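Structure data follow from target-v8.txt (compact mmCIF, C-alpha atoms):
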```txt
# COMPACT_ATOMS: atom_id res chain seq x y z
CA MET A 1 11.60 10.67 -27.76
CA PRO A 2 10.69 14.33 -26.98
CA PRO A 3 11.11 15.34 -23.30
CA ASP A 4 7.34 15.74 -22.77
CA LEU A 5 6.61 12.26 -24.15
CA THR A 6 9.44 10.79 -22.09
CA HIS A 7 7.97 12.34 -18.97
CA LEU A 8 4.50 11.01 -19.80
CA ALA A 9 5.94 7.54 -20.39
CA LEU A 10 7.71 7.64 -17.02
CA GLU A 11 4.45 8.57 -15.30
CA VAL A 12 2.47 5.75 -16.95
CA LEU A 13 5.24 3.16 -16.39
CA SER A 14 5.57 4.22 -12.75
CA GLY A 15 1.81 3.70 -12.39
CA ALA A 16 2.13 0.25 -13.98
CA VAL A 17 4.80 -0.72 -11.42
CA VAL A 18 2.48 0.41 -8.63
CA GLY A 19 -0.47 -1.53 -10.07
CA PHE A 20 1.61 -4.67 -10.55
CA THR A 21 2.78 -4.51 -6.93
CA LEU A 22 -0.75 -4.02 -5.63
CA GLY A 23 -1.99 -7.02 -7.60
CA LEU A 24 0.97 -9.13 -6.50
CA ILE A 25 1.23 -8.40 -2.77
CA GLY A 26 -1.82 -6.26 -1.95
CA GLY A 27 0.51 -3.59 -0.64
CA GLY A 28 3.51 -1.63 -1.70
CA GLY A 29 1.40 0.67 -3.87
CA SER A 30 2.20 3.79 -1.91
CA ILE A 31 5.64 2.72 -0.72
CA LEU A 32 6.50 2.69 -4.42
CA ALA A 33 4.19 5.47 -5.63
CA VAL A 34 5.51 8.16 -3.29
CA PRO A 35 9.23 7.67 -4.07
CA LEU A 36 8.46 7.17 -7.80
CA MET A 37 6.60 10.48 -7.87
CA VAL A 38 9.32 12.30 -5.95
CA TYR A 39 12.49 10.75 -7.42
CA VAL A 40 11.47 9.57 -10.93
CA VAL A 41 8.60 11.83 -12.03
CA GLY A 42 10.06 14.83 -10.19
CA VAL A 43 7.20 16.05 -7.98
CA ALA A 44 8.86 18.76 -5.86
CA ASN A 45 6.41 18.82 -2.95
CA PRO A 46 6.36 15.55 -0.93
CA HIS A 47 2.86 16.36 0.35
CA VAL A 48 1.55 16.62 -3.24
CA ALA A 49 3.21 13.27 -4.01
CA ILE A 50 1.57 11.74 -0.95
CA GLY A 51 -1.91 13.10 -1.75
CA THR A 52 -1.72 12.17 -5.43
CA SER A 53 -0.41 8.68 -4.69
CA ALA A 54 -3.20 8.08 -2.17
CA LEU A 55 -5.81 8.80 -4.84
CA ALA A 56 -4.10 6.74 -7.55
CA VAL A 57 -3.50 3.79 -5.22
CA ALA A 58 -7.14 3.80 -4.04
CA VAL A 59 -8.41 3.51 -7.62
CA ASN A 60 -5.79 0.93 -8.64
CA ALA A 61 -6.61 -1.13 -5.53
CA LEU A 62 -10.21 -1.38 -6.73
CA ALA A 63 -9.00 -2.81 -10.04
CA GLY A 64 -6.91 -5.43 -8.23
CA LEU A 65 -9.77 -6.16 -5.82
CA ALA A 66 -12.10 -7.04 -8.70
CA GLN A 67 -9.66 -9.70 -9.86
CA HIS A 68 -9.15 -11.17 -6.37
CA ALA A 69 -12.91 -11.20 -5.82
CA ARG A 70 -13.38 -13.29 -8.97
CA ALA A 71 -10.72 -15.69 -7.66
CA GLY A 72 -12.54 -16.01 -4.31
CA THR A 73 -9.60 -14.84 -2.17
CA VAL A 74 -11.40 -11.94 -0.41
CA LYS A 75 -12.84 -12.41 3.11
CA TRP A 76 -15.52 -9.74 3.00
CA ARG A 77 -16.65 -9.81 6.64
CA CYS A 78 -13.10 -9.30 7.90
CA ALA A 79 -12.63 -6.50 5.37
CA ALA A 80 -15.80 -4.70 6.52
CA ILE A 81 -14.86 -4.77 10.22
CA PHE A 82 -11.20 -3.90 9.63
CA ASP A 83 -12.00 -1.05 7.21
CA THR A 84 -14.71 0.59 9.32
CA CYS A 85 -12.25 1.09 12.16
CA GLY A 86 -9.38 1.89 9.80
CA VAL A 87 -11.14 4.76 8.03
CA VAL A 88 -11.63 6.51 11.38
CA GLY A 89 -7.93 6.16 12.12
CA ALA A 90 -6.95 7.29 8.61
CA PHE A 91 -8.70 10.67 8.92
CA GLY A 92 -6.98 11.38 12.23
CA GLY A 93 -3.60 10.22 10.96
CA ALA A 94 -3.81 12.36 7.79
CA THR A 95 -4.46 15.49 9.86
CA LEU A 96 -1.29 14.87 11.89
CA GLY A 97 0.78 13.90 8.83
CA LYS A 98 0.12 17.17 6.96
CA ALA A 99 1.50 19.12 9.92
CA MET A 100 4.89 17.34 9.74
CA ASP A 101 7.85 18.28 7.53
CA GLY A 102 7.62 16.35 4.25
CA ARG A 103 11.22 15.11 4.12
CA ARG A 104 11.15 13.96 7.72
CA LEU A 105 7.87 12.19 7.01
CA LEU A 106 9.50 10.19 4.18
CA LEU A 107 12.39 9.16 6.45
CA CYS A 108 10.04 7.96 9.21
CA PHE A 109 8.05 6.13 6.56
CA ALA A 110 11.18 4.24 5.42
CA LEU A 111 12.13 3.25 8.96
CA LEU A 112 8.64 1.88 9.61
CA MET A 113 8.88 -0.16 6.39
CA ILE A 114 12.04 -1.90 7.63
CA VAL A 115 10.37 -2.89 10.91
CA VAL A 116 7.39 -4.39 9.07
CA GLY A 117 9.67 -6.20 6.60
CA VAL A 118 11.60 -7.86 9.44
CA LEU A 119 8.37 -9.03 11.09
CA MET A 120 7.15 -10.52 7.80
CA VAL A 121 10.40 -12.44 7.19
CA ARG A 122 10.30 -13.87 10.70
CA GLY A 123 6.80 -15.25 10.06
CA ARG A 124 7.40 -16.52 6.52
CA ARG A 125 6.93 -20.21 7.50
CA ASN A 126 3.43 -19.59 8.83
CA GLN A 127 1.05 -20.70 6.06
CA GLY A 128 -2.09 -19.63 7.94
CA CYS A 129 -5.49 -21.31 8.17
CA ALA A 130 -7.56 -21.34 4.97
CA GLY A 131 -10.79 -21.32 7.01
CA ALA A 132 -9.80 -18.33 9.16
CA ALA A 133 -12.54 -15.72 9.58
CA CYS A 134 -13.60 -12.85 11.83
CA ASN A 135 -15.59 -14.18 14.80
CA ARG A 136 -16.43 -13.34 18.41
CA GLU A 137 -13.02 -14.48 19.61
CA ASN A 138 -10.94 -12.22 17.37
CA VAL A 139 -13.26 -9.33 16.44
CA GLY A 140 -11.77 -7.05 19.13
CA ARG A 141 -8.29 -7.77 17.83
CA VAL A 142 -9.36 -7.12 14.23
CA MET A 143 -10.91 -3.77 15.23
CA THR A 144 -7.80 -2.70 17.16
CA TYR A 145 -5.47 -3.60 14.30
CA GLY A 146 -7.78 -1.82 11.87
CA LEU A 147 -7.81 1.41 13.88
CA GLY A 148 -4.03 1.43 14.37
CA THR A 149 -3.26 0.54 10.77
CA GLY A 150 -5.66 3.19 9.49
CA ALA A 151 -3.99 5.85 11.65
CA LEU A 152 -0.54 4.94 10.30
CA SER A 153 -1.87 4.85 6.73
CA GLY A 154 -3.31 8.34 7.05
CA PHE A 155 -0.26 9.72 8.84
CA PHE A 156 2.15 8.52 6.16
CA GLY A 157 -0.29 9.15 3.29
CA ILE A 158 -0.33 5.54 2.11
CA GLY A 159 -2.93 2.97 1.10
CA GLY A 160 -1.41 0.86 3.86
CA GLY A 161 -1.37 -2.56 2.21
CA PHE A 162 2.10 -3.40 3.45
CA LEU A 163 0.78 -2.81 6.98
CA ILE A 164 -2.69 -4.27 6.41
CA VAL A 165 -1.51 -7.66 5.10
CA PRO A 166 0.56 -8.53 8.21
CA ALA A 167 -2.17 -7.00 10.43
CA LEU A 168 -4.84 -9.27 8.92
CA ILE A 169 -2.57 -12.31 9.27
CA ALA A 170 -1.75 -11.45 12.89
CA SER A 171 -5.36 -10.75 13.90
CA THR A 172 -7.08 -13.67 12.13
CA GLY A 173 -4.46 -16.24 11.10
CA MET A 174 -5.56 -16.23 7.43
CA PRO A 175 -3.14 -17.29 4.63
CA ILE A 176 -1.20 -14.53 2.89
CA LEU A 177 -3.10 -14.84 -0.42
CA ASN A 178 -6.40 -14.24 1.42
CA ALA A 179 -4.80 -11.37 3.35
CA ILE A 180 -3.65 -9.81 0.07
CA GLY A 181 -7.11 -10.00 -1.51
CA THR A 182 -8.86 -8.78 1.65
CA SER A 183 -6.33 -5.99 2.16
CA LEU A 184 -7.24 -4.37 -1.15
CA VAL A 185 -10.64 -3.40 0.27
CA ALA A 186 -8.85 -1.57 3.07
CA VAL A 187 -6.20 -0.10 0.74
CA ALA A 188 -8.96 1.46 -1.37
CA ALA A 189 -10.85 2.73 1.68
CA PHE A 190 -7.78 4.12 3.50
CA GLY A 191 -6.36 5.62 0.32
CA ALA A 192 -9.65 7.35 -0.48
CA SER A 193 -9.90 8.73 3.06
CA THR A 194 -6.37 10.10 2.91
CA ALA A 195 -6.89 11.47 -0.60
CA LEU A 196 -10.04 13.35 0.48
CA SER A 197 -8.10 15.01 3.27
CA TYR A 198 -5.27 16.06 0.93
CA MET A 199 -7.79 17.09 -1.75
CA ALA A 200 -9.39 19.52 0.69
CA SER A 201 -5.95 21.11 1.13
CA GLY A 202 -5.31 21.33 -2.63
CA LEU A 203 -2.45 18.81 -2.49
CA ILE A 204 -3.33 16.57 -5.48
CA ASP A 205 -1.89 16.73 -9.01
CA TRP A 206 -4.88 15.54 -11.06
CA ASN A 207 -3.08 15.05 -14.37
CA LEU A 208 -0.44 12.87 -12.72
CA ALA A 209 -3.11 10.93 -10.82
CA VAL A 210 -4.90 10.02 -14.07
CA LEU A 211 -1.70 8.77 -15.73
CA PHE A 212 -0.78 6.71 -12.67
CA ILE A 213 -4.25 5.17 -12.62
CA VAL A 214 -4.13 4.23 -16.32
CA GLY A 215 -0.73 2.56 -15.92
CA GLY A 216 -1.76 0.98 -12.62
CA ILE A 217 -4.87 -0.75 -13.94
CA ALA A 218 -2.80 -2.37 -16.68
CA GLY A 219 -0.10 -3.47 -14.22
CA SER A 220 -2.58 -4.95 -11.73
CA PHE A 221 -3.57 -7.74 -14.15
CA GLY A 222 0.00 -9.06 -14.32
CA GLY A 223 0.45 -8.72 -10.56
CA MET A 224 -2.60 -10.83 -9.76
CA ARG A 225 -1.47 -13.67 -12.03
CA ALA A 226 2.01 -13.64 -10.47
CA ALA A 227 0.52 -13.71 -6.94
CA ARG A 228 -1.46 -16.86 -7.66
CA ALA A 229 1.65 -18.56 -9.04
CA LEU A 230 3.86 -17.62 -6.06
CA ALA A 231 1.22 -18.51 -3.45
CA GLY A 232 1.79 -22.21 -4.13
CA THR A 233 5.43 -21.98 -3.02
CA THR A 234 6.05 -22.05 0.73
CA GLY A 235 6.98 -18.59 1.97
CA ALA A 236 7.92 -17.30 -1.50
CA LEU A 237 5.24 -14.61 -1.63
CA THR A 238 6.05 -13.44 1.90
CA VAL A 239 9.77 -13.24 1.16
CA PHE A 240 9.11 -11.29 -2.04
CA PHE A 241 6.77 -8.95 -0.14
CA SER A 242 9.50 -8.28 2.43
CA GLY A 243 12.18 -7.86 -0.25
CA VAL A 244 10.21 -5.09 -1.95
CA ILE A 245 9.87 -3.28 1.37
CA PHE A 246 13.60 -3.54 2.20
CA CYS A 247 14.74 -2.32 -1.22
CA VAL A 248 12.48 0.72 -1.32
CA ALA A 249 13.15 1.62 2.33
CA THR A 250 16.91 1.48 1.81
CA TYR A 251 16.69 3.73 -1.22
CA MET A 252 14.49 6.26 0.57
CA ILE A 253 16.83 6.39 3.58
CA TRP A 254 19.83 6.89 1.28
CA ARG A 255 18.08 9.74 -0.55
CA SER A 256 17.04 11.35 2.74
CA PHE A 257 20.65 11.66 3.88
```

This structure in structure tokens:
Amino acid sequence: MPPDLTHLALEVLSGAVVGFTLGLIGGGGSILAVPLMVYVVGVANPHVAIGTSALAVAVNALAGLAQHARAGTVKWRCAAIFDTCGVVGAFGGATLGKAMDGRRLLLCFALLMIVVGVLMVRGRRNQGCAGAACNRENVGRVMTYGLGTGALSGFFGIGGGFLIVPALIASTGMPILNAIGTSLVAVAAFGASTALSYMASGLIDWNLAVLFIVGGIAGSFGGMRAARALAGTTGALTVFFSGVIFCVATYMIWRSF
């Protein structure tokens, strides 16, 4: 295969991996997209990789959201409250993130991933409450988690699903499959907010974004079907979610040093 076609194939396949992960665990889109763009596709500027991935992940999250919505796994009221606060945090976080050295940003990103992965493994036996919803008792907690998660998403240039899923579980007690479906609303919103900030600074590769989106939409269909299959096994989806985080974080830390 000619080098140009090989490169195009790598870009589309990388997007498919991102889309599959978003459909499967509602997160991991950017924790995979950023390193795939930097280490596989060969994007030299980490900030361009972050801005481009934010745009691609936002669009791919919408594709996954449509499938979860049809399956009835999205809690829309929780998503609206969480996202409104999160978008505010994402704009502030993106402004700070662009001012930080790109390589150091990737290392901090990897360390945060490990912390979240450990917390998810520790809570893998918690199946959640199927009837959980946002109400007067937990709305303050949902808003606080939304603001904090949005700030981290913007700072690290990520859709934030791997942070949003555990945040929704912690603030409402909902099952992981509902948290995954609901998180995609926030992933799209946070990713779009971050992408707009990077777009204003000229830090998006549009050709790469389109190829990632094409591959991602295709991958999201397979991810959604796998998520529904794993959700019936106690803790399996949570363990898989954590495993993805640990693997990517370890690789990123190794490359940083």

At most 8 Å from (-3.8, 3.0, -14.5), file frame, only C-alpha atoms: which residues, as number ranges by chain? A: 12, 15-16, 19, 56, 60, 210-219

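Counting only C-alpha atoms and comparing A:Gly117, A:Gly202, A:Gly181, A:Gly86, the residue that lies closest to Val142 in chain A is A:Gly86.
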
Please identify all polymer residues lying at most 10 Å from the point (1.7, -11.7, -10.3) (file coordinates), using all atoms listed in the file, and present the result as a PyMOL selection string. chain A and resi 20-25+219-231+237

I'd like the contact shell of Met100 in chain A - 10 Å cut-off, all atoms listed in the file, skipping same-chain residues fewer than 5 positions apart - returned as a list in words.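 Near Met100 in chain A, the qualifying residues are His47, Thr95, Leu105, Phe155 and Phe156 of chain A.
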
Mind dumping a table of every range 31-145 of chain A residue within 10 Å of range 184-196 of chain A, with the nearest atom pair and its distance in Å to one decimal, using all atoms listed in the file, sorted by chain and rising number, as JSON lines?
```
{"residue": "A:Ile50", "atom": "CA", "partner": "A:Ala195", "partner_atom": "CA", "distance": 8.5}
{"residue": "A:Gly51", "atom": "CA", "partner": "A:Ala195", "partner_atom": "CA", "distance": 5.4}
{"residue": "A:Thr52", "atom": "CA", "partner": "A:Ala195", "partner_atom": "CA", "distance": 7.1}
{"residue": "A:Ser53", "atom": "CA", "partner": "A:Ala195", "partner_atom": "CA", "distance": 8.2}
{"residue": "A:Ala54", "atom": "CA", "partner": "A:Gly191", "partner_atom": "CA", "distance": 4.7}
{"residue": "A:Leu55", "atom": "CA", "partner": "A:Ala195", "partner_atom": "CA", "distance": 5.1}
{"residue": "A:Ala56", "atom": "CA", "partner": "A:Gly191", "partner_atom": "CA", "distance": 8.3}
{"residue": "A:Val57", "atom": "CA", "partner": "A:Gly191", "partner_atom": "CA", "distance": 6.5}
{"residue": "A:Ala58", "atom": "CA", "partner": "A:Ala188", "partner_atom": "CA", "distance": 4.0}
{"residue": "A:Val59", "atom": "CA", "partner": "A:Ala188", "partner_atom": "CA", "distance": 6.6}
{"residue": "A:Asn60", "atom": "CA", "partner": "A:Ala188", "partner_atom": "CA", "distance": 7.9}
{"residue": "A:Ala61", "atom": "CA", "partner": "A:Ala188", "partner_atom": "CA", "distance": 5.4}
{"residue": "A:Leu62", "atom": "CA", "partner": "A:Ala188", "partner_atom": "CA", "distance": 6.2}
{"residue": "A:Ala63", "atom": "CA", "partner": "A:Leu184", "partner_atom": "CA", "distance": 9.2}
{"residue": "A:Gly64", "atom": "CA", "partner": "A:Leu184", "partner_atom": "CA", "distance": 7.2}
{"residue": "A:Leu65", "atom": "CA", "partner": "A:Leu184", "partner_atom": "CA", "distance": 5.6}
{"residue": "A:Ala66", "atom": "CA", "partner": "A:Leu184", "partner_atom": "CA", "distance": 9.4}
{"residue": "A:His68", "atom": "CA", "partner": "A:Leu184", "partner_atom": "CA", "distance": 8.8}
{"residue": "A:Val74", "atom": "CA", "partner": "A:Val185", "partner_atom": "CA", "distance": 8.6}
{"residue": "A:Lys75", "atom": "CA", "partner": "A:Val185", "partner_atom": "CA", "distance": 9.7}
{"residue": "A:Trp76", "atom": "CA", "partner": "A:Val185", "partner_atom": "CA", "distance": 8.5}
{"residue": "A:Cys78", "atom": "CA", "partner": "A:Val185", "partner_atom": "CA", "distance": 10.0}
{"residue": "A:Ala79", "atom": "CA", "partner": "A:Val185", "partner_atom": "CA", "distance": 6.3}
{"residue": "A:Ala80", "atom": "CA", "partner": "A:Val185", "partner_atom": "CA", "distance": 8.2}
{"residue": "A:Ile81", "atom": "CA", "partner": "A:Ala186", "partner_atom": "CA", "distance": 9.9}
{"residue": "A:Phe82", "atom": "CA", "partner": "A:Ala186", "partner_atom": "CA", "distance": 7.3}
{"residue": "A:Asp83", "atom": "CA", "partner": "A:Ala186", "partner_atom": "CA", "distance": 5.2}
{"residue": "A:Thr84", "atom": "CA", "partner": "A:Ala189", "partner_atom": "CA", "distance": 8.8}
{"residue": "A:Gly86", "atom": "CA", "partner": "A:Phe190", "partner_atom": "CA", "distance": 6.9}
{"residue": "A:Val87", "atom": "CA", "partner": "A:Phe190", "partner_atom": "CA", "distance": 5.7}
{"residue": "A:Val88", "atom": "CA", "partner": "A:Ser193", "partner_atom": "CA", "distance": 8.8}
{"residue": "A:Gly89", "atom": "CA", "partner": "A:Phe190", "partner_atom": "CA", "distance": 8.9}
{"residue": "A:Ala90", "atom": "CA", "partner": "A:Phe190", "partner_atom": "CA", "distance": 6.1}
{"residue": "A:Phe91", "atom": "CA", "partner": "A:Ser193", "partner_atom": "CA", "distance": 6.3}
{"residue": "A:Gly92", "atom": "CA", "partner": "A:Thr194", "partner_atom": "CA", "distance": 9.4}
{"residue": "A:Gly93", "atom": "CA", "partner": "A:Thr194", "partner_atom": "CA", "distance": 8.5}
{"residue": "A:Ala94", "atom": "CA", "partner": "A:Thr194", "partner_atom": "CA", "distance": 6.0}
{"residue": "A:Thr95", "atom": "CA", "partner": "A:Thr194", "partner_atom": "CA", "distance": 9.0}
```

Of the candidates A:Met174, A:Leu203, A:Leu32, A:Ile180, which shows the shortest atom-to-atom distance to Ala44 in chain A, using only C-alpha atoms? A:Leu203

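For the residues A:Ser256, A:Thr6, A:Thr144, A:Ser197, ranking by smallest atom-to-atom distance to Arg103 in chain A using all atoms listed in the file places A:Ser256 first.
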
Go through A:Leu96, A:Ala133, A:Leu168, A:Ala49 one by one, measure the shortest atom-to-atom distance of each to Leu152 in chain A using only C-alpha atoms, and give the residue with the smallest value.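 Between A:Leu96, A:Ala133, A:Leu168, A:Ala49, the residue approaching Leu152 in chain A most closely is A:Leu96.
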
Between A:Gly42, A:Pro166, A:Gly146, A:Gly140, which has the minimum distance to Val116 in chain A (counting all atoms listed in the file)? A:Pro166

Pick from A:Gln67, A:Val17, A:Glu11, A:Ala179 nearest to Val40 in chain A, counting all atoms listed in the file: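 Of the candidates, the smallest distance to Val40 in chain A is held by A:Glu11.
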
In Å, with one decimal, what is the gap from CA of Val48 in chain A to CA of Phe257 in chain A?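 CA of Val48 in chain A sits 21.0 Å away from CA of Phe257 in chain A.
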
Gap from CA of Arg255 in chain A to CA of Pro46 in chain A - Å, one decimal: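 Taking CA of Arg255 in chain A as the start and CA of Pro46 in chain A as the end point, the length is 13.1 Å.
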
Between CA of Leu177 in chain A and CA of Ala151 in chain A, what distance in Å does the model show, to one decimal?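 For CA of Leu177 in chain A relative to CA of Ala151 in chain A, the distance reads 24.0 Å.
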
Show which residues sit within 12 Å of Phe109 in chain A, as a PDB file with C-alpha atoms, in the coordinates of the input. Count all atoms listed in the file, and ignore same-chain residues fewer than 4 positions away.
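The resulting out.pdb:
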```pdb
ATOM      1  CA  SER A  30       2.200   3.790  -1.910  1.00  0.00           C
ATOM      2  CA  ILE A  31       5.640   2.720  -0.720  1.00  0.00           C
ATOM      3  CA  LEU A  32       6.500   2.690  -4.420  1.00  0.00           C
ATOM      4  CA  VAL A  34       5.510   8.160  -3.290  1.00  0.00           C
ATOM      5  CA  PRO A  35       9.230   7.670  -4.070  1.00  0.00           C
ATOM      6  CA  ILE A  50       1.570  11.740  -0.950  1.00  0.00           C
ATOM      7  CA  GLY A  97       0.780  13.900   8.830  1.00  0.00           C
ATOM      8  CA  GLY A 102       7.620  16.350   4.250  1.00  0.00           C
ATOM      9  CA  ARG A 103      11.220  15.110   4.120  1.00  0.00           C
ATOM     10  CA  ARG A 104      11.150  13.960   7.720  1.00  0.00           C
ATOM     11  CA  LEU A 105       7.870  12.190   7.010  1.00  0.00           C
ATOM     12  CA  MET A 113       8.880  -0.160   6.390  1.00  0.00           C
ATOM     13  CA  ILE A 114      12.040  -1.900   7.630  1.00  0.00           C
ATOM     14  CA  VAL A 115      10.370  -2.890  10.910  1.00  0.00           C
ATOM     15  CA  VAL A 116       7.390  -4.390   9.070  1.00  0.00           C
ATOM     16  CA  LEU A 152      -0.540   4.940  10.300  1.00  0.00           C
ATOM     17  CA  SER A 153      -1.870   4.850   6.730  1.00  0.00           C
ATOM     18  CA  GLY A 154      -3.310   8.340   7.050  1.00  0.00           C
ATOM     19  CA  PHE A 155      -0.260   9.720   8.840  1.00  0.00           C
ATOM     20  CA  PHE A 156       2.150   8.520   6.160  1.00  0.00           C
ATOM     21  CA  GLY A 157      -0.290   9.150   3.290  1.00  0.00           C
ATOM     22  CA  ILE A 158      -0.330   5.540   2.110  1.00  0.00           C
ATOM     23  CA  GLY A 160      -1.410   0.860   3.860  1.00  0.00           C
ATOM     24  CA  PHE A 162       2.100  -3.400   3.450  1.00  0.00           C
ATOM     25  CA  LEU A 163       0.780  -2.810   6.980  1.00  0.00           C
ATOM     26  CA  ILE A 245       9.870  -3.280   1.370  1.00  0.00           C
ATOM     27  CA  PHE A 246      13.600  -3.540   2.200  1.00  0.00           C
ATOM     28  CA  VAL A 248      12.480   0.720  -1.320  1.00  0.00           C
ATOM     29  CA  ALA A 249      13.150   1.620   2.330  1.00  0.00           C
ATOM     30  CA  THR A 250      16.910   1.480   1.810  1.00  0.00           C
ATOM     31  CA  TYR A 251      16.690   3.730  -1.220  1.00  0.00           C
ATOM     32  CA  MET A 252      14.490   6.260   0.570  1.00  0.00           C
ATOM     33  CA  ILE A 253      16.830   6.390   3.580  1.00  0.00           C
ATOM     34  CA  SER A 256      17.040  11.350   2.740  1.00  0.00           C
TER      35      SER A 256
END
```
